[in-house]
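With mmCIF, N, CA and C atoms and all ligand atoms inside, this is protein-v9.cif:
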```cif
data_final
loop_
_atom_site.label_atom_id
_atom_site.label_comp_id
_atom_site.auth_asym_id
_atom_site.auth_seq_id
_atom_site.Cartn_x
_atom_site.Cartn_y
_atom_site.Cartn_z
N MET A 1 24.41 6.37 37.59
CA MET A 1 23.51 6.02 36.49
C MET A 1 22.05 6.21 36.91
N GLN A 2 21.24 6.70 35.97
CA GLN A 2 19.83 6.92 36.26
C GLN A 2 19.13 5.60 36.59
N LYS A 3 18.23 5.69 37.54
CA LYS A 3 17.53 4.50 38.00
C LYS A 3 16.73 3.85 36.87
N GLU A 4 16.12 4.71 36.09
CA GLU A 4 15.27 4.22 35.00
C GLU A 4 16.10 3.45 33.98
N LEU A 5 17.26 4.01 33.67
CA LEU A 5 18.16 3.40 32.69
C LEU A 5 18.71 2.08 33.24
N ALA A 6 19.09 2.10 34.50
CA ALA A 6 19.63 0.90 35.13
C ALA A 6 18.61 -0.23 35.08
N GLY A 7 17.35 0.12 35.33
CA GLY A 7 16.28 -0.87 35.29
C GLY A 7 16.10 -1.45 33.89
N LYS A 8 16.22 -0.56 32.91
CA LYS A 8 16.07 -0.96 31.52
C LYS A 8 17.19 -1.94 31.14
N ILE A 9 18.42 -1.59 31.53
CA ILE A 9 19.57 -2.43 31.20
C ILE A 9 19.47 -3.77 31.93
N GLU A 10 18.99 -3.73 33.16
CA GLU A 10 18.84 -4.97 33.92
C GLU A 10 17.88 -5.92 33.20
N ARG A 11 16.79 -5.35 32.70
CA ARG A 11 15.82 -6.18 31.97
C ARG A 11 16.46 -6.79 30.73
N VAL A 12 17.23 -5.97 29.98
CA VAL A 12 17.89 -6.46 28.77
C VAL A 12 18.87 -7.59 29.12
N LEU A 13 19.61 -7.38 30.21
CA LEU A 13 20.59 -8.38 30.63
C LEU A 13 19.93 -9.70 31.01
N LEU A 14 18.85 -9.60 31.77
CA LEU A 14 18.13 -10.81 32.19
C LEU A 14 17.57 -11.55 30.99
N GLU A 15 17.11 -10.78 30.01
CA GLU A 15 16.55 -11.38 28.81
C GLU A 15 17.64 -12.10 28.00
N LYS A 16 18.79 -11.42 27.86
CA LYS A 16 19.92 -12.00 27.13
C LYS A 16 20.37 -13.29 27.82
N LYS A 17 20.45 -13.22 29.14
CA LYS A 17 20.91 -14.36 29.91
C LYS A 17 19.99 -15.56 29.68
N LYS A 18 18.69 -15.28 29.69
CA LYS A 18 17.70 -16.33 29.47
C LYS A 18 17.88 -16.95 28.08
N GLU A 19 18.14 -16.08 27.11
CA GLU A 19 18.35 -16.50 25.73
C GLU A 19 19.56 -17.44 25.66
N TYR A 20 20.66 -17.02 26.29
CA TYR A 20 21.89 -17.82 26.26
C TYR A 20 21.69 -19.15 26.97
N GLU A 21 20.95 -19.12 28.07
CA GLU A 21 20.71 -20.35 28.83
C GLU A 21 19.90 -21.34 28.00
N LYS A 22 18.94 -20.80 27.26
CA LYS A 22 18.11 -21.64 26.40
C LYS A 22 18.98 -22.27 25.30
N GLU A 23 19.84 -21.44 24.71
CA GLU A 23 20.74 -21.93 23.66
C GLU A 23 21.70 -22.98 24.21
N LEU A 24 22.13 -22.75 25.43
CA LEU A 24 23.07 -23.67 26.07
C LEU A 24 22.43 -25.05 26.24
N VAL A 25 21.18 -25.08 26.65
CA VAL A 25 20.45 -26.34 26.81
C VAL A 25 20.37 -27.07 25.47
N GLU A 26 20.04 -26.30 24.42
CA GLU A 26 19.93 -26.89 23.09
C GLU A 26 21.27 -27.42 22.59
N LEU A 27 22.33 -26.63 22.84
CA LEU A 27 23.67 -27.03 22.39
C LEU A 27 24.13 -28.28 23.13
N ASN A 28 23.85 -28.33 24.42
CA ASN A 28 24.22 -29.51 25.20
C ASN A 28 23.51 -30.74 24.67
N PHE A 29 22.25 -30.55 24.35
CA PHE A 29 21.44 -31.64 23.81
C PHE A 29 22.02 -32.12 22.48
N ARG A 30 22.37 -31.16 21.63
CA ARG A 30 22.92 -31.47 20.32
C ARG A 30 24.27 -32.18 20.45
N ALA A 31 25.12 -31.67 21.34
CA ALA A 31 26.44 -32.25 21.53
C ALA A 31 26.31 -33.70 21.98
N LYS A 32 25.36 -33.95 22.89
CA LYS A 32 25.15 -35.30 23.41
C LYS A 32 24.68 -36.22 22.28
N ASN A 33 23.76 -35.71 21.47
CA ASN A 33 23.24 -36.48 20.34
C ASN A 33 24.34 -36.84 19.36
N ASN A 34 25.22 -35.87 19.10
CA ASN A 34 26.32 -36.12 18.17
C ASN A 34 27.27 -37.17 18.72
N LEU A 35 27.45 -37.14 20.03
CA LEU A 35 28.35 -38.10 20.66
C LEU A 35 27.81 -39.51 20.53
N SER A 36 26.51 -39.67 20.75
CA SER A 36 25.95 -41.01 20.77
C SER A 36 25.72 -41.56 19.36
N SER A 37 25.55 -40.65 18.38
CA SER A 37 25.27 -41.14 17.02
C SER A 37 26.35 -40.68 16.04
N MET A 38 27.56 -40.55 16.57
CA MET A 38 28.67 -40.06 15.77
C MET A 38 28.90 -40.94 14.53
N GLU A 39 28.84 -42.24 14.73
CA GLU A 39 29.15 -43.20 13.67
C GLU A 39 28.25 -43.01 12.45
N THR A 40 26.96 -42.84 12.68
CA THR A 40 26.00 -42.77 11.58
C THR A 40 25.75 -41.35 11.10
N ASN A 41 26.11 -40.39 11.93
CA ASN A 41 25.68 -39.01 11.66
C ASN A 41 26.73 -38.18 10.92
N VAL A 42 27.92 -38.72 10.77
CA VAL A 42 29.00 -37.94 10.17
C VAL A 42 28.72 -37.70 8.69
N SER A 43 28.90 -36.47 8.28
CA SER A 43 28.64 -36.11 6.89
C SER A 43 29.61 -36.82 5.95
N ASN A 44 29.15 -37.08 4.74
CA ASN A 44 29.96 -37.79 3.76
C ASN A 44 31.16 -36.98 3.28
N ASN A 45 31.09 -35.68 3.52
CA ASN A 45 32.18 -34.81 3.06
C ASN A 45 33.43 -34.91 3.93
N HIS A 46 33.30 -35.60 5.05
CA HIS A 46 34.43 -35.63 5.99
C HIS A 46 34.84 -37.07 6.28
N PRO A 47 36.11 -37.26 6.57
CA PRO A 47 36.56 -38.59 6.99
C PRO A 47 35.83 -39.03 8.25
N ALA A 48 35.68 -40.33 8.42
CA ALA A 48 34.87 -40.86 9.51
C ALA A 48 35.41 -40.50 10.90
N ASP A 49 36.72 -40.28 10.98
CA ASP A 49 37.29 -40.01 12.30
C ASP A 49 37.26 -38.53 12.65
N TYR A 50 36.59 -37.76 11.82
CA TYR A 50 36.56 -36.32 12.03
C TYR A 50 35.12 -35.86 12.24
N SER A 51 34.86 -35.24 13.36
CA SER A 51 33.51 -34.79 13.65
C SER A 51 33.48 -33.29 13.94
N PRO A 52 33.40 -32.49 12.88
CA PRO A 52 33.43 -31.03 13.08
C PRO A 52 32.22 -30.52 13.86
N VAL A 53 31.09 -31.19 13.70
CA VAL A 53 29.86 -30.74 14.38
C VAL A 53 30.07 -30.71 15.88
N GLN A 54 30.69 -31.79 16.36
CA GLN A 54 30.92 -31.91 17.79
C GLN A 54 31.85 -30.80 18.30
N ASP A 55 32.92 -30.56 17.54
CA ASP A 55 33.86 -29.52 17.91
C ASP A 55 33.18 -28.16 18.01
N ILE A 56 32.37 -27.86 16.99
CA ILE A 56 31.69 -26.58 16.93
C ILE A 56 30.73 -26.45 18.11
N SER A 57 29.99 -27.54 18.40
CA SER A 57 29.06 -27.50 19.53
C SER A 57 29.78 -27.18 20.82
N LEU A 58 30.92 -27.84 21.04
CA LEU A 58 31.66 -27.63 22.28
C LEU A 58 32.17 -26.21 22.38
N THR A 59 32.63 -25.67 21.25
CA THR A 59 33.09 -24.28 21.24
C THR A 59 31.93 -23.34 21.57
N LEU A 60 30.77 -23.62 20.95
CA LEU A 60 29.60 -22.77 21.18
C LEU A 60 29.14 -22.86 22.63
N ILE A 61 29.22 -24.08 23.20
CA ILE A 61 28.82 -24.26 24.60
C ILE A 61 29.72 -23.42 25.51
N GLN A 62 31.03 -23.50 25.24
CA GLN A 62 31.99 -22.70 26.02
C GLN A 62 31.64 -21.22 25.93
N ARG A 63 31.33 -20.80 24.71
CA ARG A 63 31.06 -19.38 24.47
C ARG A 63 29.79 -18.94 25.20
N ARG A 64 28.74 -19.78 25.12
CA ARG A 64 27.48 -19.43 25.79
C ARG A 64 27.69 -19.33 27.30
N LYS A 65 28.46 -20.29 27.84
CA LYS A 65 28.73 -20.27 29.29
C LYS A 65 29.42 -18.98 29.68
N LYS A 66 30.34 -18.56 28.83
CA LYS A 66 31.07 -17.32 29.09
C LYS A 66 30.13 -16.13 29.05
N MET A 67 29.22 -16.11 28.05
CA MET A 67 28.29 -15.00 27.92
C MET A 67 27.36 -14.93 29.13
N ILE A 68 26.93 -16.10 29.62
CA ILE A 68 26.05 -16.13 30.79
C ILE A 68 26.77 -15.55 32.00
N SER A 69 28.03 -15.93 32.17
CA SER A 69 28.76 -15.40 33.32
C SER A 69 29.03 -13.91 33.14
N LYS A 70 29.18 -13.48 31.88
CA LYS A 70 29.35 -12.05 31.61
C LYS A 70 28.09 -11.27 32.00
N CYS A 71 26.94 -11.85 31.67
CA CYS A 71 25.66 -11.23 32.04
C CYS A 71 25.55 -11.15 33.56
N ASN A 72 25.93 -12.24 34.24
CA ASN A 72 25.87 -12.24 35.70
C ASN A 72 26.77 -11.18 36.30
N GLU A 73 27.97 -11.06 35.73
CA GLU A 73 28.92 -10.05 36.21
C GLU A 73 28.37 -8.65 36.02
N ALA A 74 27.77 -8.43 34.84
CA ALA A 74 27.21 -7.12 34.54
C ALA A 74 26.06 -6.78 35.51
N LEU A 75 25.22 -7.77 35.80
CA LEU A 75 24.11 -7.57 36.74
C LEU A 75 24.66 -7.22 38.12
N GLU A 76 25.73 -7.91 38.48
CA GLU A 76 26.39 -7.66 39.77
C GLU A 76 26.91 -6.22 39.83
N ARG A 77 27.56 -5.79 38.73
CA ARG A 77 28.09 -4.42 38.68
C ARG A 77 26.96 -3.40 38.76
N LEU A 78 25.85 -3.73 38.11
CA LEU A 78 24.68 -2.85 38.10
C LEU A 78 24.16 -2.65 39.52
N ARG A 79 24.13 -3.75 40.30
CA ARG A 79 23.63 -3.70 41.68
C ARG A 79 24.56 -2.90 42.58
N HIS A 80 25.85 -2.94 42.27
CA HIS A 80 26.83 -2.25 43.12
C HIS A 80 27.18 -0.87 42.59
N ASP A 81 26.41 -0.44 41.58
CA ASP A 81 26.62 0.90 41.04
C ASP A 81 28.00 1.07 40.41
N GLU A 82 28.55 -0.02 39.87
CA GLU A 82 29.86 0.04 39.22
C GLU A 82 29.72 -0.18 37.73
N TYR A 83 28.48 -0.22 37.29
CA TYR A 83 28.21 -0.54 35.89
C TYR A 83 28.52 0.62 34.97
N GLY A 84 29.02 0.29 33.76
CA GLY A 84 29.23 1.32 32.74
C GLY A 84 30.60 1.96 32.78
N ILE A 85 31.49 1.41 33.63
CA ILE A 85 32.86 1.94 33.69
C ILE A 85 33.78 0.93 32.99
N CYS A 86 34.62 1.43 32.09
CA CYS A 86 35.52 0.55 31.35
C CYS A 86 36.53 -0.09 32.30
N ALA A 87 36.61 -1.44 32.24
CA ALA A 87 37.52 -2.17 33.13
C ALA A 87 38.96 -2.01 32.69
N HIS A 88 39.15 -1.50 31.49
CA HIS A 88 40.49 -1.41 30.94
C HIS A 88 41.11 -0.03 31.15
N CYS A 89 40.35 1.02 30.84
CA CYS A 89 40.92 2.37 30.95
C CYS A 89 40.19 3.22 31.99
N GLY A 90 39.06 2.73 32.52
CA GLY A 90 38.37 3.44 33.59
C GLY A 90 37.44 4.56 33.14
N CYS A 91 37.29 4.73 31.83
CA CYS A 91 36.40 5.78 31.35
C CYS A 91 34.94 5.31 31.41
N GLU A 92 34.02 6.24 31.20
CA GLU A 92 32.60 5.88 31.18
C GLU A 92 32.25 5.33 29.81
N ILE A 93 31.62 4.18 29.77
CA ILE A 93 31.22 3.58 28.50
C ILE A 93 29.95 4.28 28.02
N PRO A 94 29.93 4.75 26.76
CA PRO A 94 28.74 5.47 26.25
C PRO A 94 27.47 4.60 26.36
N ILE A 95 26.37 5.26 26.69
CA ILE A 95 25.09 4.56 26.87
C ILE A 95 24.71 3.77 25.61
N ALA A 96 24.97 4.36 24.44
CA ALA A 96 24.59 3.71 23.18
C ALA A 96 25.25 2.34 23.07
N ARG A 97 26.50 2.25 23.51
CA ARG A 97 27.22 0.98 23.47
C ARG A 97 26.66 0.01 24.50
N LEU A 98 26.32 0.54 25.67
CA LEU A 98 25.77 -0.31 26.73
C LEU A 98 24.43 -0.90 26.31
N MET A 99 23.65 -0.12 25.57
CA MET A 99 22.37 -0.63 25.11
C MET A 99 22.56 -1.71 24.06
N TYR A 100 23.65 -1.59 23.30
CA TYR A 100 23.92 -2.54 22.22
C TYR A 100 24.54 -3.82 22.78
N VAL A 101 25.53 -3.68 23.65
CA VAL A 101 26.17 -4.83 24.30
C VAL A 101 26.15 -4.61 25.82
N PRO A 102 24.99 -4.89 26.43
CA PRO A 102 24.80 -4.54 27.85
C PRO A 102 25.74 -5.27 28.80
N PHE A 103 26.34 -6.39 28.36
CA PHE A 103 27.20 -7.16 29.25
C PHE A 103 28.66 -6.75 29.13
N THR A 104 28.94 -5.74 28.32
CA THR A 104 30.32 -5.34 28.12
C THR A 104 30.90 -4.65 29.35
N ASP A 105 32.21 -4.79 29.55
CA ASP A 105 32.85 -4.03 30.62
C ASP A 105 34.02 -3.23 30.06
N LYS A 106 33.95 -2.99 28.73
CA LYS A 106 35.01 -2.20 28.11
C LYS A 106 34.43 -1.21 27.11
N CYS A 107 35.08 -0.05 27.00
CA CYS A 107 34.64 0.93 26.02
C CYS A 107 35.06 0.49 24.62
N VAL A 108 34.60 1.20 23.60
CA VAL A 108 34.86 0.80 22.22
C VAL A 108 36.36 0.79 21.93
N THR A 109 37.07 1.80 22.41
CA THR A 109 38.51 1.90 22.16
C THR A 109 39.23 0.67 22.70
N CYS A 110 38.91 0.29 23.93
CA CYS A 110 39.58 -0.85 24.55
C CYS A 110 39.13 -2.14 23.90
N LYS A 111 37.87 -2.18 23.50
CA LYS A 111 37.33 -3.37 22.85
C LYS A 111 38.08 -3.68 21.57
N GLU A 112 38.51 -2.63 20.88
CA GLU A 112 39.23 -2.83 19.63
C GLU A 112 40.59 -3.49 19.85
N GLU A 113 41.16 -3.23 21.01
CA GLU A 113 42.48 -3.80 21.30
C GLU A 113 42.36 -5.17 21.96
N VAL A 114 41.41 -5.28 22.86
CA VAL A 114 41.31 -6.49 23.65
C VAL A 114 40.00 -7.18 23.34
N GLU A 115 40.04 -8.45 23.05
CA GLU A 115 38.82 -9.20 22.85
C GLU A 115 38.24 -9.55 24.21
N GLU A 116 36.99 -10.00 24.19
CA GLU A 116 36.30 -10.30 25.45
C GLU A 116 37.10 -11.26 26.33
N ASP A 117 37.83 -12.17 25.73
CA ASP A 117 38.53 -13.17 26.52
C ASP A 117 40.03 -12.87 26.69
N ASP A 118 40.36 -11.58 26.57
CA ASP A 118 41.75 -11.16 26.78
C ASP A 118 42.73 -11.76 25.78
N THR A 119 42.24 -12.01 24.58
CA THR A 119 43.15 -12.41 23.52
C THR A 119 43.06 -11.38 22.42
N ILE A 120 44.06 -11.31 21.62
CA ILE A 120 44.05 -10.36 20.51
C ILE A 120 44.47 -11.11 19.26
N VAL A 121 43.88 -10.75 18.11
CA VAL A 121 44.21 -11.44 16.88
C VAL A 121 45.32 -10.68 16.16
N VAL A 122 46.45 -11.33 15.99
CA VAL A 122 47.57 -10.74 15.27
C VAL A 122 47.90 -11.63 14.09
N ASN A 123 47.74 -11.08 12.90
CA ASN A 123 47.96 -11.84 11.67
C ASN A 123 47.18 -13.16 11.66
N GLY A 124 45.95 -13.10 12.13
CA GLY A 124 45.10 -14.28 12.12
C GLY A 124 45.39 -15.25 13.24
N VAL A 125 46.37 -14.93 14.10
CA VAL A 125 46.70 -15.82 15.21
C VAL A 125 46.25 -15.17 16.51
N LYS A 126 45.52 -15.93 17.32
CA LYS A 126 45.07 -15.40 18.60
C LYS A 126 46.20 -15.40 19.61
N LYS A 127 46.41 -14.25 20.23
CA LYS A 127 47.47 -14.18 21.25
C LYS A 127 46.88 -13.67 22.54
N ARG A 128 47.39 -14.22 23.62
CA ARG A 128 46.96 -13.77 24.94
C ARG A 128 47.74 -12.53 25.31
N ILE A 129 47.04 -11.59 25.91
CA ILE A 129 47.79 -10.42 26.36
C ILE A 129 47.65 -10.28 27.87
N SER A 130 48.57 -9.57 28.45
CA SER A 130 48.56 -9.43 29.91
C SER A 130 47.40 -8.55 30.33
N LYS A 131 46.94 -8.74 31.56
CA LYS A 131 45.79 -7.99 32.04
C LYS A 131 46.17 -6.62 32.58
N SER A 132 47.44 -6.25 32.43
CA SER A 132 47.92 -4.99 32.98
C SER A 132 47.24 -3.81 32.33
N ARG A 133 47.25 -2.68 33.00
CA ARG A 133 46.56 -1.50 32.50
C ARG A 133 47.38 -0.76 31.45
N GLN A 134 48.59 -1.27 31.16
CA GLN A 134 49.41 -0.62 30.15
C GLN A 134 48.84 -0.87 28.76
N GLY A 135 47.89 -1.79 28.66
CA GLY A 135 47.22 -2.02 27.40
C GLY A 135 48.13 -2.56 26.33
N SER A 136 48.06 -1.95 25.16
CA SER A 136 48.75 -2.51 24.00
C SER A 136 50.27 -2.44 24.15
N ALA A 137 50.78 -1.66 25.09
CA ALA A 137 52.22 -1.56 25.28
C ALA A 137 52.82 -2.92 25.62
N SER A 138 52.02 -3.75 26.34
CA SER A 138 52.53 -5.04 26.76
C SER A 138 52.65 -6.02 25.59
N LEU A 139 52.15 -5.63 24.44
CA LEU A 139 52.22 -6.51 23.27
C LEU A 139 53.56 -6.36 22.54
N MET A 140 54.20 -5.26 22.77
CA MET A 140 55.40 -4.93 22.00
C MET A 140 56.61 -5.77 22.41
ZN ZN A 201 38.34 1.83 27.86
#
```
File written out as structure tokens:
Amino acid sequence: MQKELAGKIERVLLEKKKEYEKELVELNFRAKNNLSSMETNVSNNHPADYSPVQDISLTLIQRRKKMISKCNEALERLRHDEYGICAHCGCEIPIARLMYVPFTDKCVTCKEEVEEDDTIVVNGVKKRISKSRQGSASLM
């Protein structure tokens, strides 16, 4: 990969990471607030024993943490000159895609089959798939 491009992607990754970290702090703060004021803060549209806000916050926190580690992994790959290679099929990921989702480690074709967290949606149900290189064959 060209040095200039690698530098550009590194900057984008660092920026994204900073963004996610900032969001994570806010989400943590919000989750804590919801926990302490759950009794008074629950919307009238929901039963008192149900706190969707809290659930959503926790899901978002998990997701942000994952994105931050994805950014770290991508930065690591960039430093070791392994960046831009699809972890699933081994092909080169197009630059246009890398600029759009700099933390990705899969090409568009593989991305369509495998979600970031190695699950796939089948009829609206999330299913885990094996990490083997056989790809979609393992789903059959
Ligand atoms: Zn691929």
Using all atoms listed in the file, tabulate the residues of chain A lying at most 6.5 Å from any atom of ligand ZN 201 (chain A), each with its closest atom pair and that distance in Å to one decimal, by chain and increasing residue number, as CSV.
```
residue,atom,partner,partner_atom,distance
A:Cys86,CA,A:ZN201,ZN,4.7
A:Ala87,N,A:ZN201,ZN,5.7
A:His88,C,A:ZN201,ZN,4.7
A:Cys89,N,A:ZN201,ZN,3.7
A:Gly90,N,A:ZN201,ZN,4.8
A:Cys91,N,A:ZN201,ZN,5.0
A:Lys106,C,A:ZN201,ZN,5.0
A:Cys107,N,A:ZN201,ZN,3.9
A:Val108,N,A:ZN201,ZN,5.7
A:Thr109,C,A:ZN201,ZN,5.4
A:Cys110,N,A:ZN201,ZN,4.3
A:Lys111,N,A:ZN201,ZN,5.9
```
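Minimum distance to Leu75 in chain A across A:Tyr20, A:Glu10, A:Leu5, A:Ile56 (counting only N, CA and C atoms) occurs at A:Glu10.
Taking CA of Tyr83 in chain A as the reference point, atom C of Thr59 in chain A is found at 27.2 Å.
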Quiz prompt | Two-atom distance - atom N of Lys18 in chain A, atom C of Asp81 in chain A (Å) | solution = 21.7 Å
Practice problem: Do a neighbour search on range 99-104 of chain A at 7 Å with only C-alpha atoms, toss out local chain neighbours closer than 5 positions, and write the hits as a ChimeraX atom specification. | Solution: /A:9,13,70-71,74
Quiz item: Out of A:Met1, A:Leu98, A:Leu58, A:Met67, which residue has the shortest atom-to-atom distance to Glu21 in chain A when counting only C-alpha atoms?
Solution: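 Checking each of A:Met1, A:Leu98, A:Leu58, A:Met67 against Glu21 in chain A, counting only C-alpha atoms, the winner is A:Met67.
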Quiz item: Pick from A:Leu60, A:Asn33, A:Asn72, A:Asp105: nearest to Gly84 in chain A, with only N, CA and C atoms counted?
Solution: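 Distance minimum relative to Gly84 in chain A lands on A:Asp105.
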Quiz item: Any idea what the distance is between CA of Arg97 in chain A and CA of Arg63 in chain A?
Solution: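 About the pair CA of Arg97 in chain A and CA of Arg63 in chain A: they are 20.7 Å apart.
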Kindly provide, as lines of an AutoDock Vina configuration file, the centre and edge lengths (Å, one decimal) of an axis-aligned box around all atoms of range 69-87 of chain A given in the file, with 4 Å on each side.
```
center_x = 31.3
center_y = -7.0
center_z = 37.2
size_x = 23.3
size_y = 25.9
size_z = 19.8
```
